[in-house]
file data_29.csv (CSV, C-alpha atoms)
chain,number,residue,atom,x,y,z
A,16,MET,CA,8.1,-6.2,20.4
A,17,ILE,CA,9.8,-9.4,19.3
A,18,ARG,CA,6.6,-11.4,19.8
A,19,SER,CA,4.7,-8.9,17.6
A,20,ILE,CA,7.4,-9.2,14.9
A,21,ILE,CA,7.2,-13.0,15.0
A,22,PHE,CA,3.4,-12.9,14.7
A,23,LEU,CA,3.6,-10.6,11.6
A,24,ILE,CA,6.1,-12.9,9.9
A,25,SER,CA,4.0,-15.9,10.6
A,26,PHE,CA,0.9,-14.2,9.3
A,27,PHE,CA,2.8,-13.3,6.1
A,28,ILE,CA,4.2,-16.7,5.5
A,29,PHE,CA,1.0,-18.8,6.1
A,30,GLY,CA,-1.5,-16.2,4.9
A,31,TYR,CA,-0.7,-16.7,1.2
A,32,GLU,CA,-0.6,-19.6,-1.1
A,33,ILE,CA,2.8,-19.9,-2.7
A,34,GLN,CA,2.7,-20.0,-6.5
A,35,ALA,CA,5.6,-20.6,-8.9
A,36,LYS,CA,6.2,-18.6,-12.0
A,37,ALA,CA,5.9,-20.2,-15.4
A,38,ASN,CA,9.5,-19.4,-16.3
A,39,GLN,CA,11.8,-20.8,-13.5
A,40,ASN,CA,14.7,-18.5,-14.7
A,41,ASN,CA,12.7,-15.4,-13.8
A,42,ILE,CA,11.3,-15.0,-10.3
A,43,GLU,CA,9.5,-12.3,-8.3
A,44,LEU,CA,9.5,-12.5,-4.5
A,45,GLU,CA,7.8,-10.6,-1.7
A,46,CYS,CA,9.5,-10.9,1.6
A,47,LEU,CA,9.0,-10.0,5.2
A,48,GLY,CA,11.6,-10.1,8.0
A,49,ILE,CA,13.8,-8.5,10.5
A,50,LEU,CA,16.3,-5.8,9.5
A,51,ARG,CA,19.0,-4.5,11.7
A,52,ASP,CA,20.6,-1.2,10.8
A,53,ASN,CA,23.4,-0.3,13.3
A,54,PHE,CA,21.9,-2.9,15.7
A,55,GLU,CA,18.5,-1.2,15.6
A,56,PRO,CA,15.8,-3.8,14.7
A,57,HIS,CA,13.0,-3.0,12.2
A,58,VAL,CA,10.2,-5.0,10.6
A,59,ALA,CA,11.0,-4.8,6.9
A,60,ASN,CA,9.5,-5.9,3.7
A,61,TRP,CA,11.2,-6.1,0.4
A,62,LYS,CA,10.5,-7.1,-3.2
A,63,PHE,CA,13.0,-9.0,-5.3
A,64,LYS,CA,12.6,-9.2,-9.1
A,65,LYS,CA,15.0,-11.4,-11.1
A,66,ILE,CA,15.2,-11.7,-14.9
A,67,ASP,CA,18.0,-13.7,-16.2
A,68,ASN,CA,21.2,-12.6,-14.4
A,69,SER,CA,19.9,-9.2,-13.3
A,70,ALA,CA,17.7,-8.3,-10.4
A,71,GLU,CA,16.2,-5.4,-8.6
A,72,LEU,CA,15.7,-5.2,-4.8
A,73,GLU,CA,13.3,-2.7,-3.2
A,74,ILE,CA,13.3,-2.6,0.6
A,75,TYR,CA,11.0,-0.7,3.0
A,76,TYR,CA,11.7,-0.3,6.8
A,77,GLY,CA,10.8,2.4,9.3
A,78,ASN,CA,10.3,5.5,7.1
A,79,LYS,CA,13.0,4.5,4.7
A,80,TYR,CA,12.9,3.2,1.1
A,81,ARG,CA,16.0,1.8,-0.7
A,82,ILE,CA,16.5,0.3,-4.0
A,83,ALA,CA,19.4,-1.8,-5.4
A,84,MET,CA,20.4,-3.2,-8.7
A,85,LEU,CA,22.1,-6.6,-8.6
A,86,ARG,CA,23.9,-9.2,-10.6
A,87,VAL,CA,22.8,-12.7,-9.6
A,88,SER,CA,23.5,-16.3,-10.3
A,89,ASP,CA,22.7,-19.8,-9.0
A,90,LYS,CA,25.4,-21.0,-6.7
A,91,THR,CA,23.7,-24.4,-6.5
A,92,ASN,CA,20.2,-25.6,-7.7
A,93,ASP,CA,18.9,-24.4,-4.3
A,94,ILE,CA,20.9,-21.3,-3.5
A,95,LEU,CA,20.8,-18.0,-5.5
A,96,VAL,CA,23.5,-15.4,-4.7
A,97,GLY,CA,24.0,-11.8,-5.9
A,98,ASN,CA,25.8,-8.6,-5.3
A,99,GLY,CA,25.3,-5.0,-6.4
A,100,LYS,CA,24.9,-1.4,-5.2
A,101,TRP,CA,22.3,0.7,-3.6
A,102,PHE,CA,20.9,3.2,-6.1
A,103,SER,CA,22.2,6.4,-4.7
A,104,LYS,CA,24.5,9.3,-5.5
A,105,ILE,CA,27.1,8.2,-2.9
A,106,THR,CA,30.5,8.3,-4.6
A,107,ASN,CA,32.2,5.9,-2.3
A,108,ALA,CA,31.2,2.6,-4.1
A,109,ALA,CA,32.5,0.4,-1.3
A,110,ARG,CA,30.0,1.8,1.2
A,111,SER,CA,27.1,1.2,-1.2
A,112,LEU,CA,27.8,-2.5,-1.9
A,113,LEU,CA,25.5,-5.2,-0.7
A,114,TYR,CA,25.2,-9.0,-1.0
A,115,VAL,CA,22.1,-11.2,-1.1
A,116,ARG,CA,21.5,-15.0,-0.7
A,117,TYR,CA,18.2,-16.8,-1.3
A,118,ILE,CA,17.6,-20.4,-0.2
A,119,LYS,CA,14.9,-21.6,-2.5
A,120,SER,CA,13.8,-24.7,-0.7
A,121,GLU,CA,13.4,-22.8,2.6
A,122,LYS,CA,12.3,-19.5,1.0
A,123,ILE,CA,14.7,-17.6,3.3
A,124,PHE,CA,16.3,-14.4,2.0
A,125,PHE,CA,19.5,-12.8,3.5
A,126,ILE,CA,20.7,-9.3,2.8
A,127,GLU,CA,24.1,-8.0,4.0
A,128,GLY,CA,25.2,-4.4,3.5
A,129,PRO,CA,27.8,-2.1,4.8
A,130,GLU,CA,27.9,-0.5,8.3
A,131,LEU,CA,26.1,-3.3,10.2
A,132,PHE,CA,23.2,-3.5,7.8
A,133,ARG,CA,21.6,-7.0,7.9
A,134,ALA,CA,18.3,-8.5,7.0
A,135,GLU,CA,16.7,-12.0,7.1
A,136,GLY,CA,13.2,-12.9,6.1
A,137,LYS,CA,10.8,-15.4,4.6
A,138,CYS,CA,9.5,-14.9,1.0
A,139,LYS,CA,6.7,-16.0,-1.2
A,140,ASN,CA,6.8,-16.3,-5.0
A,141,ILE,CA,4.2,-14.1,-6.6
A,142,THR,CA,2.4,-14.3,-9.9
A,143,VAL,CA,0.6,-11.4,-11.5
A,144,ASN,CA,-2.9,-12.4,-12.4
A,145,ILE,CA,-4.1,-9.8,-14.8
A,146,GLN,CA,-7.5,-9.3,-16.3
A,147,LEU,CA,-6.8,-7.3,-19.4
A,148,PRO,CA,-9.5,-4.9,-20.6
A,149,GLY,CA,-11.6,-6.0,-23.5
A,150,ASN,CA,-10.1,-9.5,-23.4
A,151,GLN,CA,-6.9,-8.1,-25.1
A,152,THR,CA,-3.9,-10.2,-25.6
A,153,PHE,CA,-0.7,-9.2,-23.7
A,154,LYS,CA,1.0,-8.2,-26.9
A,155,SER,CA,-1.9,-5.9,-28.0
A,156,PHE,CA,-2.2,-4.4,-24.5
A,157,ILE,CA,1.6,-3.8,-24.2
A,158,LYS,CA,1.5,-2.0,-27.6
A,159,GLU,CA,-1.5,0.1,-26.5
A,160,MET,CA,0.3,1.1,-23.3
A,161,VAL,CA,3.5,2.0,-25.2
A,162,TYR,CA,1.3,4.2,-27.5
A,163,ILE,CA,-0.4,5.9,-24.5
A,164,ILE,CA,3.0,6.6,-22.9
A,165,ARG,CA,4.3,8.0,-26.1
A,166,GLU,CA,1.3,10.2,-26.6
A,167,HIS,CA,1.0,11.7,-23.1
A,168,SER,CA,4.8,12.4,-23.0
A,169,GLU,CA,4.4,14.1,-26.3
A,170,TYR,CA,1.5,16.2,-24.9
A,171,ALA,CA,3.8,17.1,-22.0
A,172,ILE,CA,6.5,18.5,-24.2
A,173,ALA,CA,4.2,20.2,-26.7
A,174,HIS,CA,4.2,23.4,-24.7
A,175,PRO,CA,7.6,23.8,-23.0
A,176,LYS,CA,6.7,27.0,-21.1
A,177,ASP,CA,3.4,25.6,-19.6
A,178,GLY,CA,4.5,24.0,-16.4
A,179,ASP,CA,1.0,22.8,-15.5
A,180,ASN,CA,0.6,21.1,-18.8
A,181,ILE,CA,4.0,19.4,-18.5
A,182,LYS,CA,3.2,18.1,-15.0
A,183,ARG,CA,-0.3,17.0,-15.8
A,184,HIS,CA,0.7,14.9,-18.8
A,185,LEU,CA,3.9,13.6,-17.2
A,186,LYS,CA,1.7,12.3,-14.4
A,187,HIS,CA,-0.5,10.5,-17.0
A,188,THR,CA,2.7,9.1,-18.5
A,189,CYS,CA,4.1,7.9,-15.2
A,190,HIS,CA,0.8,6.4,-14.2
A,191,ALA,CA,0.7,4.4,-17.5
A,192,LEU,CA,4.2,3.1,-16.7
A,193,ASP,CA,3.2,2.1,-13.1
A,194,PRO,CA,0.0,3.3,-11.4
A,195,MET,CA,1.8,3.2,-8.0
A,196,THR,CA,4.0,6.2,-8.9
A,197,ILE,CA,1.0,8.6,-8.9
A,198,LYS,CA,-1.3,9.6,-6.1
A,199,GLU,CA,-4.0,11.4,-8.1
A,200,ARG,CA,-7.1,9.7,-9.6
A,201,PRO,CA,-8.8,9.2,-12.0
A,202,MET,CA,-6.2,8.7,-14.7
A,203,PRO,CA,-6.8,8.0,-18.4
A,204,ALA,CA,-4.8,4.8,-18.6
A,205,PRO,CA,-5.9,1.4,-17.1
A,206,GLU,CA,-4.8,0.7,-13.5
A,207,ILE,CA,-2.8,-2.3,-14.6
A,208,GLY,CA,0.1,-0.4,-15.9
A,209,LEU,CA,2.8,-1.4,-18.4
A,210,THR,CA,5.1,-2.7,-15.8
A,211,LYS,CA,2.8,-5.5,-14.6
A,212,ALA,CA,1.8,-6.5,-18.1
A,213,ILE,CA,5.3,-6.7,-19.5
A,214,LYS,CA,6.7,-8.6,-16.5
A,215,ARG,CA,3.8,-11.1,-16.8
A,216,TYR,CA,4.5,-11.4,-20.5
A,217,LEU,CA,8.1,-12.1,-19.9
A,218,THR,CA,7.3,-15.3,-17.9
A,219,LYS,CA,6.5,-16.9,-21.2
A,220,ARG,CA,9.3,-19.2,-22.5
A,221,LYS,CA,10.0,-17.4,-25.7
A,222,VAL,CA,9.6,-13.6,-26.2
A,223,LYS,CA,11.2,-11.3,-28.7
A,224,PRO,CA,14.1,-9.1,-27.5
A,225,ILE,CA,12.1,-6.0,-27.9
A,226,TYR,CA,9.9,-6.9,-24.9
A,227,VAL,CA,13.0,-7.4,-22.7
A,228,THR,CA,14.1,-3.9,-23.8
A,229,ILE,CA,10.6,-2.5,-23.0
A,230,ASP,CA,10.8,-4.0,-19.5
A,231,SER,CA,14.2,-2.5,-18.9
A,232,VAL,CA,13.3,0.9,-20.2
A,233,THR,CA,10.0,0.8,-18.2
A,234,ASP,CA,11.9,0.1,-14.9
A,235,GLU,CA,14.3,2.9,-15.7
A,236,PHE,CA,11.6,5.5,-16.1
A,237,ILE,CA,9.5,4.3,-13.2
A,238,LYS,CA,12.5,5.0,-11.0
A,239,LEU,CA,12.9,8.4,-12.4
A,240,CYS,CA,9.1,9.1,-12.1
A,241,LYS,CA,9.3,8.3,-8.4
A,242,GLU,CA,12.3,10.6,-7.9
A,243,THR,CA,11.0,13.5,-10.0
A,244,ILE,CA,7.2,13.8,-10.3
A,245,TYR,CA,6.6,15.2,-6.8
A,246,SER,CA,10.0,16.9,-6.5
A,247,SER,CA,10.2,20.6,-5.6
A,248,ASP,CA,12.5,21.1,-8.6
A,249,GLU,CA,10.0,21.3,-11.4
A,250,LYS,CA,12.8,22.0,-13.9
A,251,LYS,CA,13.4,18.3,-14.0
A,252,LEU,CA,9.9,17.5,-15.4
A,253,PHE,CA,10.4,18.6,-19.0
A,254,PRO,CA,13.7,16.8,-19.6
A,255,LEU,CA,12.1,13.6,-18.1
A,256,ALA,CA,9.1,13.9,-20.4
A,257,LYS,CA,11.3,14.5,-23.4
A,258,LYS,CA,13.5,11.4,-22.6
A,259,ILE,CA,10.4,9.2,-22.2
A,260,ASN,CA,8.9,10.4,-25.4
A,261,SER,CA,12.1,9.8,-27.3
A,262,LYS,CA,12.5,6.2,-26.0
A,263,PHE,CA,8.9,5.2,-26.3
A,264,THR,CA,8.6,6.6,-29.8
A,265,LEU,CA,11.4,4.3,-30.9
A,266,LEU,CA,9.9,1.4,-29.0
A,267,TYR,CA,6.5,1.9,-30.6
A,268,ASN,CA,7.9,2.0,-34.1
A,269,LYS,CA,9.6,-1.4,-33.5
A,270,LEU,CA,6.4,-3.1,-32.3
call {"tool": "encode", "arguments": {"input": "data_29.csv", "output": "C-alpha cells"}}
result
Amino acid sequence: MIRSIIFLISFFIFGYEIQAKANQNNIELECLGILRDNFEPHVANWKFKKIDNSAELEIYYGNKYRIAMLRVSDKTNDILVGNGKWFSKITNAARSLLYVRYIKSEKIFFIEGPELFRAEGKCKNITVNIQLPGNQTFKSFIKEMVYIIREHSEYAIAHPKDGDNIKRHLKHTCHALDPMTIKERPMPAPEIGLTKAIKRYLTKRKVKPIYVTIDSVTDEFIKLCKETIYSSDEKKLFPLAKKINSKFTLLYNKL
C-alpha cells in the first residue's frame, strides 16, 4: 500500500513540467499526498487557489470532497501560511478550523485540521493555457460569458412554474460558469467556462476591480451550483437562478 502511494506521488511530481504564473502574488497549485483522518491513511489530491490574501482549498480523498476558504500571508519569502474554515453548516466553529503551510522552494504543502486530520503532499504550479474561440481577447470572451450566464439564468426564471425549464436553463448557466459542474453534454456555452478565463485574466499585473468581483461572484455561484443542481430538493433551483441573474445583470451592465 505504502509503496503504491509513493509511486503515485513520484509519478505526479516528475510527470509534469512546473510552470510559474505571471503574477507571483496569485498562485494556483495542484497537490498530491498522504492524508490521515483519525489515523486512517488515504491518497489525497487537492487544489489551492490564492488571489491576494484570500485562498480556496479543495481536497478529495476516499469518497469525500471538502472545501475551505482561507486567509493567507507570506510568513517569509519562502513560506506561505494560512488559516480558515471548512465550508459546512457545522455551528461549532472551533471544530471546523484548519491551518495550512506551503514551502515554496520545496513545493511541500501541509494541512492541519481538527480531530487528527493531517495531510502532507507535493505540489506543482499550474497555468491555464486557453485557446479562446475565434481568437477573442480575454476581455471580450469574459463579457460574452457574463452575457450568456445572464441570458440563460433569465430563461430559467421566465416561467417559475415550469420545473423542467428552470432546471434545463440553470444547467446551461452553471455550465457556463464552470463546465465541471454539469454532467450532461452538449451544452450551448464553450467548454472553457468563465472561471478558467477570469482566473487566467487575473494573472495580468493590472486589471480593473470589476474583474476581481466577477471572479469572486463566479466562485460563489460555482459552489452553489455544485450543491444545488443535482439536489433532490428542486425548490432550491429557482432561487439560485434568480440570484445568478440579478448578480450577472449588474456585472454585465458594468463591463
call {"tool": "residues_around", "arguments": {"input": "data_29.csv", "residues": "range 257-259 of chain A", "least_positions_apart": "3", "cutoff": "12 Å", "atoms": "all atoms listed in the file", "output": "MDAnalysis selection string"}}
result
chainID A and resid 161:175 181 184:185 188:189 191:192 229 232:237 239:240 251:254 262:267
call {"tool": "atom_distance", "arguments": {"input": "data_29.csv", "atom1": "CA of Asn60 in chain A", "atom2": "CA of Glu73 in chain A"}}
result
8.5 Å
call {"tool": "atom_distance", "arguments": {"input": "data_29.csv", "atom1": "CA of Ala83 in chain A", "atom2": "CA of Gly99 in chain A"}}
result
6.8 Å
call {"tool": "residues_around", "arguments": {"input": "data_29.csv", "residues": "Asp52 in chain A", "least_positions_apart": "4", "cutoff": "9 Å", "atoms": "all atoms listed in the file", "output": "PDB file with C-alpha atoms, keeping the file's coordinate frame"}}
result
ATOM      1  CA  PRO A  56      15.800  -3.800  14.700  1.00  0.00           C
ATOM      2  CA  HIS A  57      13.000  -3.000  12.200  1.00  0.00           C
ATOM      3  CA  GLU A 130      27.900  -0.500   8.300  1.00  0.00           C
ATOM      4  CA  LEU A 131      26.100  -3.300  10.200  1.00  0.00           C
ATOM      5  CA  PHE A 132      23.200  -3.500   7.800  1.00  0.00           C
ATOM      6  CA  ARG A 133      21.600  -7.000   7.900  1.00  0.00           C
ATOM      7  CA  ALA A 134      18.300  -8.500   7.000  1.00  0.00           C
TER       8      ALA A 134
END
call {"tool": "residues_around", "arguments": {"input": "data_29.csv", "residues": "Asn98 in chain A", "least_positions_apart": "6", "cutoff": "7 Å", "atoms": "all atoms listed in the file", "output": "list in words"}}
result
Leu85, Arg86, Val87, Leu113, Tyr114 and Val115 of chain A
call {"tool": "atom_distance", "arguments": {"input": "data_29.csv", "atom1": "CA of Glu45 in chain A", "atom2": "CA of Thr228 in chain A"}}
result
23.9 Å
call {"tool": "residues_around", "arguments": {"input": "data_29.csv", "residues": "Ala212 in chain A", "least_positions_apart": "6", "cutoff": "8 Å", "atoms": "only C-alpha atoms", "output": "mmCIF file with C-alpha atoms, in the frame of the given file"}}
result
data_model
loop_
_atom_site.group_PDB
_atom_site.id
_atom_site.type_symbol
_atom_site.label_atom_id
_atom_site.label_comp_id
_atom_site.auth_asym_id
_atom_site.auth_seq_id
_atom_site.Cartn_x
_atom_site.Cartn_y
_atom_site.Cartn_z
ATOM 1 C CA ILE A 145 -4.100 -9.800 -14.800
ATOM 2 C CA PHE A 153 -0.700 -9.200 -23.700
ATOM 3 C CA PHE A 156 -2.200 -4.400 -24.500
ATOM 4 C CA ILE A 157 1.600 -3.800 -24.200
#
call {"tool": "decode", "arguments": {"input": "data_29.csv", "residues": "range 57-69 of chain A", "atoms": "N, CA, C and O atoms", "output": "compact mmCIF listing (two decimals), in the first residue's frame"}}
result
# COMPACT_ATOMS: atom_id res chain seq x y z
N HIS A 57 -4.97 7.92 3.55
CA HIS A 57 -5.61 7.99 2.24
C HIS A 57 -4.65 8.67 1.27
O HIS A 57 -3.88 9.56 1.66
N VAL A 58 -4.72 8.28 0.01
CA VAL A 58 -4.11 9.10 -1.03
C VAL A 58 -5.08 10.24 -1.30
O VAL A 58 -6.27 10.02 -1.51
N ALA A 59 -4.58 11.46 -1.27
CA ALA A 59 -5.45 12.63 -1.44
C ALA A 59 -4.87 13.56 -2.49
O ALA A 59 -3.65 13.63 -2.67
N ASN A 60 -5.73 14.25 -3.18
CA ASN A 60 -5.27 15.33 -4.04
C ASN A 60 -6.07 16.57 -3.71
O ASN A 60 -7.23 16.49 -3.30
N TRP A 61 -5.41 17.71 -3.84
CA TRP A 61 -6.09 18.95 -3.52
C TRP A 61 -5.64 20.08 -4.44
O TRP A 61 -4.58 20.03 -5.05
N LYS A 62 -6.52 21.06 -4.54
CA LYS A 62 -6.26 22.27 -5.33
C LYS A 62 -6.25 23.46 -4.39
O LYS A 62 -7.09 23.56 -3.49
N PHE A 63 -5.31 24.35 -4.62
CA PHE A 63 -5.17 25.54 -3.80
C PHE A 63 -5.08 26.74 -4.73
O PHE A 63 -4.20 26.80 -5.59
N LYS A 64 -6.02 27.68 -4.58
CA LYS A 64 -6.04 28.87 -5.43
C LYS A 64 -5.93 30.10 -4.54
O LYS A 64 -6.78 30.32 -3.67
N LYS A 65 -4.89 30.89 -4.76
CA LYS A 65 -4.65 32.09 -3.95
C LYS A 65 -4.70 33.33 -4.83
O LYS A 65 -4.04 33.40 -5.86
N ILE A 66 -5.51 34.29 -4.41
CA ILE A 66 -5.53 35.61 -5.03
C ILE A 66 -5.42 36.64 -3.91
O ILE A 66 -6.29 36.70 -3.04
N ASP A 67 -4.34 37.40 -3.94
CA ASP A 67 -4.04 38.37 -2.89
C ASP A 67 -3.98 37.65 -1.54
O ASP A 67 -3.22 36.71 -1.40
N ASN A 68 -4.80 38.04 -0.57
CA ASN A 68 -4.73 37.43 0.76
C ASN A 68 -5.83 36.42 1.03
O ASN A 68 -6.04 36.00 2.17
N SER A 69 -6.53 36.02 -0.02
CA SER A 69 -7.60 35.03 0.12
C SER A 69 -7.23 33.78 -0.68
O SER A 69 -6.51 33.86 -1.68
